[in-house]
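Inspection log for the structure reproduced underneath, given as structure tokens.
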Amino acid sequence: MMTAAAAAVGDAATIRHDPHGTLLPDRAQLANIATVVAGAVAIAAVADAVAPALTDDQIDEAIHRTRWLPRY
């Protein structure tokens with residue numbers, strides 16, 4: 001699950017698409033990146049049989065239903 005989380009963050013690094021980018025995702029995208037990381041970790045947990053067997057769609061729905069988004 002840690003590897004899945006690290007890979008998801010790494011995939012979001014701007015340097016992957018721009019040679020002048022950064023190693024971390026853009027701050028403006030943190031809420032979206034957190035959702036992607038949560039999905040990757042959940043999928044890994046299901047694959048490792050330490051979480052209930054859910055489909056990817058069910059995982060996405062659960063994340064969207066339970067995540068917190070700040071509203072200012």
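As shown in the structure tokens, the chain order sets the letters A, B, ...; within each chain, residues go from 1, and ligands are also counted from 1 in the order they appear.
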Excluding Met2 of chain A and any residue of its chain fewer than 5 positions from it, enumerate the residues within 10 Å of it, using only C-alpha atoms, and give them as a list in words.
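Skipping anything fewer than 5 positions along the chain leaves Ala7, Ala8, Val37, Ala40, Val41 and Ala44 of chain A.
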What are the DSSP alpha helix (DSSP H) residues of chain A, as a ChimeraX atom specification?
/A:2-11,30-47,56-66
Output N, CA and C atoms for every residue in the selection just made, as a tab-separated table (two decimals), in the first residue's frame.
chain	number	residue	atom	x	y	z
A	2	MET	N	2.00	1.21	0.70
A	2	MET	CA	2.92	2.35	0.69
A	2	MET	C	3.50	2.55	-0.72
A	3	THR	N	3.82	1.47	-1.38
A	3	THR	CA	4.35	1.56	-2.74
A	3	THR	C	3.30	2.13	-3.68
A	4	ALA	N	2.05	1.71	-3.52
A	4	ALA	CA	0.97	2.24	-4.35
A	4	ALA	C	0.80	3.74	-4.13
A	5	ALA	N	0.88	4.17	-2.88
A	5	ALA	CA	0.75	5.60	-2.57
A	5	ALA	C	1.91	6.39	-3.17
A	6	ALA	N	3.12	5.88	-3.00
A	6	ALA	CA	4.29	6.57	-3.54
A	6	ALA	C	4.23	6.65	-5.06
A	7	ALA	N	3.79	5.58	-5.70
A	7	ALA	CA	3.69	5.58	-7.17
A	7	ALA	C	2.64	6.58	-7.63
A	8	ALA	N	1.54	6.68	-6.92
A	8	ALA	CA	0.49	7.63	-7.30
A	8	ALA	C	0.98	9.06	-7.17
A	9	VAL	N	1.72	9.36	-6.10
A	9	VAL	CA	2.28	10.71	-5.94
A	9	VAL	C	3.32	10.96	-7.02
A	10	GLY	N	4.16	9.97	-7.28
A	10	GLY	CA	5.18	10.12	-8.31
A	10	GLY	C	4.58	10.35	-9.69
A	11	ASP	N	3.49	9.66	-9.98
A	11	ASP	CA	2.83	9.83	-11.28
A	11	ASP	C	2.29	11.25	-11.45
A	30	LEU	N	-3.75	19.30	-4.95
A	30	LEU	CA	-3.62	18.39	-3.82
A	30	LEU	C	-4.90	17.60	-3.51
A	31	ALA	N	-6.04	18.23	-3.59
A	31	ALA	CA	-7.29	17.51	-3.31
A	31	ALA	C	-7.49	16.38	-4.32
A	32	ASN	N	-7.22	16.66	-5.58
A	32	ASN	CA	-7.36	15.62	-6.61
A	32	ASN	C	-6.31	14.53	-6.43
A	33	ILE	N	-5.10	14.91	-6.11
A	33	ILE	CA	-4.03	13.93	-5.92
A	33	ILE	C	-4.33	13.05	-4.71
A	34	ALA	N	-4.86	13.63	-3.64
A	34	ALA	CA	-5.23	12.85	-2.46
A	34	ALA	C	-6.27	11.79	-2.82
A	35	THR	N	-7.20	12.13	-3.68
A	35	THR	CA	-8.22	11.18	-4.11
A	35	THR	C	-7.58	10.05	-4.92
A	36	VAL	N	-6.66	10.39	-5.79
A	36	VAL	CA	-5.96	9.38	-6.60
A	36	VAL	C	-5.14	8.46	-5.69
A	37	VAL	N	-4.44	9.04	-4.72
A	37	VAL	CA	-3.63	8.24	-3.80
A	37	VAL	C	-4.54	7.32	-2.98
A	38	ALA	N	-5.64	7.83	-2.49
A	38	ALA	CA	-6.57	7.01	-1.72
A	38	ALA	C	-7.07	5.83	-2.55
A	39	GLY	N	-7.38	6.07	-3.80
A	39	GLY	CA	-7.83	4.98	-4.68
A	39	GLY	C	-6.75	3.94	-4.89
A	40	ALA	N	-5.53	4.39	-5.11
A	40	ALA	CA	-4.42	3.46	-5.33
A	40	ALA	C	-4.17	2.61	-4.09
A	41	VAL	N	-4.24	3.23	-2.92
A	41	VAL	CA	-4.03	2.50	-1.67
A	41	VAL	C	-5.16	1.50	-1.45
A	42	ALA	N	-6.39	1.91	-1.71
A	42	ALA	CA	-7.53	1.01	-1.53
A	42	ALA	C	-7.44	-0.19	-2.47
A	43	ILE	N	-7.08	0.05	-3.71
A	43	ILE	CA	-6.93	-1.05	-4.67
A	43	ILE	C	-5.84	-2.01	-4.20
A	44	ALA	N	-4.74	-1.48	-3.69
A	44	ALA	CA	-3.66	-2.33	-3.18
A	44	ALA	C	-4.13	-3.12	-1.96
A	45	ALA	N	-4.93	-2.49	-1.10
A	45	ALA	CA	-5.45	-3.18	0.09
A	45	ALA	C	-6.37	-4.34	-0.31
A	46	VAL	N	-7.20	-4.11	-1.30
A	46	VAL	CA	-8.07	-5.19	-1.80
A	46	VAL	C	-7.21	-6.30	-2.39
A	47	ALA	N	-6.20	-5.95	-3.16
A	47	ALA	CA	-5.33	-6.96	-3.78
A	47	ALA	C	-4.57	-7.76	-2.73
A	56	ASP	N	-13.32	-1.40	-8.60
A	56	ASP	CA	-12.73	-0.07	-8.70
A	56	ASP	C	-13.81	1.01	-8.62
A	57	ASP	N	-14.95	0.76	-9.24
A	57	ASP	CA	-16.05	1.74	-9.19
A	57	ASP	C	-16.57	1.90	-7.77
A	58	GLN	N	-16.67	0.80	-7.02
A	58	GLN	CA	-17.13	0.89	-5.64
A	58	GLN	C	-16.12	1.64	-4.78
A	59	ILE	N	-14.84	1.43	-5.04
A	59	ILE	CA	-13.80	2.16	-4.32
A	59	ILE	C	-13.90	3.64	-4.61
A	60	ASP	N	-14.03	4.00	-5.88
A	60	ASP	CA	-14.16	5.41	-6.25
A	60	ASP	C	-15.37	6.05	-5.58
A	61	GLU	N	-16.49	5.35	-5.57
A	61	GLU	CA	-17.70	5.87	-4.95
A	61	GLU	C	-17.50	6.07	-3.45
A	62	ALA	N	-16.88	5.11	-2.80
A	62	ALA	CA	-16.64	5.22	-1.36
A	62	ALA	C	-15.73	6.40	-1.04
A	63	ILE	N	-14.71	6.60	-1.85
A	63	ILE	CA	-13.79	7.73	-1.63
A	63	ILE	C	-14.53	9.04	-1.83
A	64	HIS	N	-15.29	9.17	-2.89
A	64	HIS	CA	-16.01	10.41	-3.15
A	64	HIS	C	-17.08	10.68	-2.10
A	65	ARG	N	-17.65	9.62	-1.56
A	65	ARG	CA	-18.70	9.77	-0.55
A	65	ARG	C	-18.13	10.20	0.80
A	66	THR	N	-16.91	9.78	1.11
A	66	THR	CA	-16.39	10.00	2.46
A	66	THR	C	-15.28	11.05	2.55
Using Å and a single decimal, report how far atom CA of Asp26 of chain A sits from atom CA of Tyr72 of chain A.
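Between atom CA of Tyr72 of chain A and atom CA of Asp26 of chain A the gap works out to 19.6 Å.
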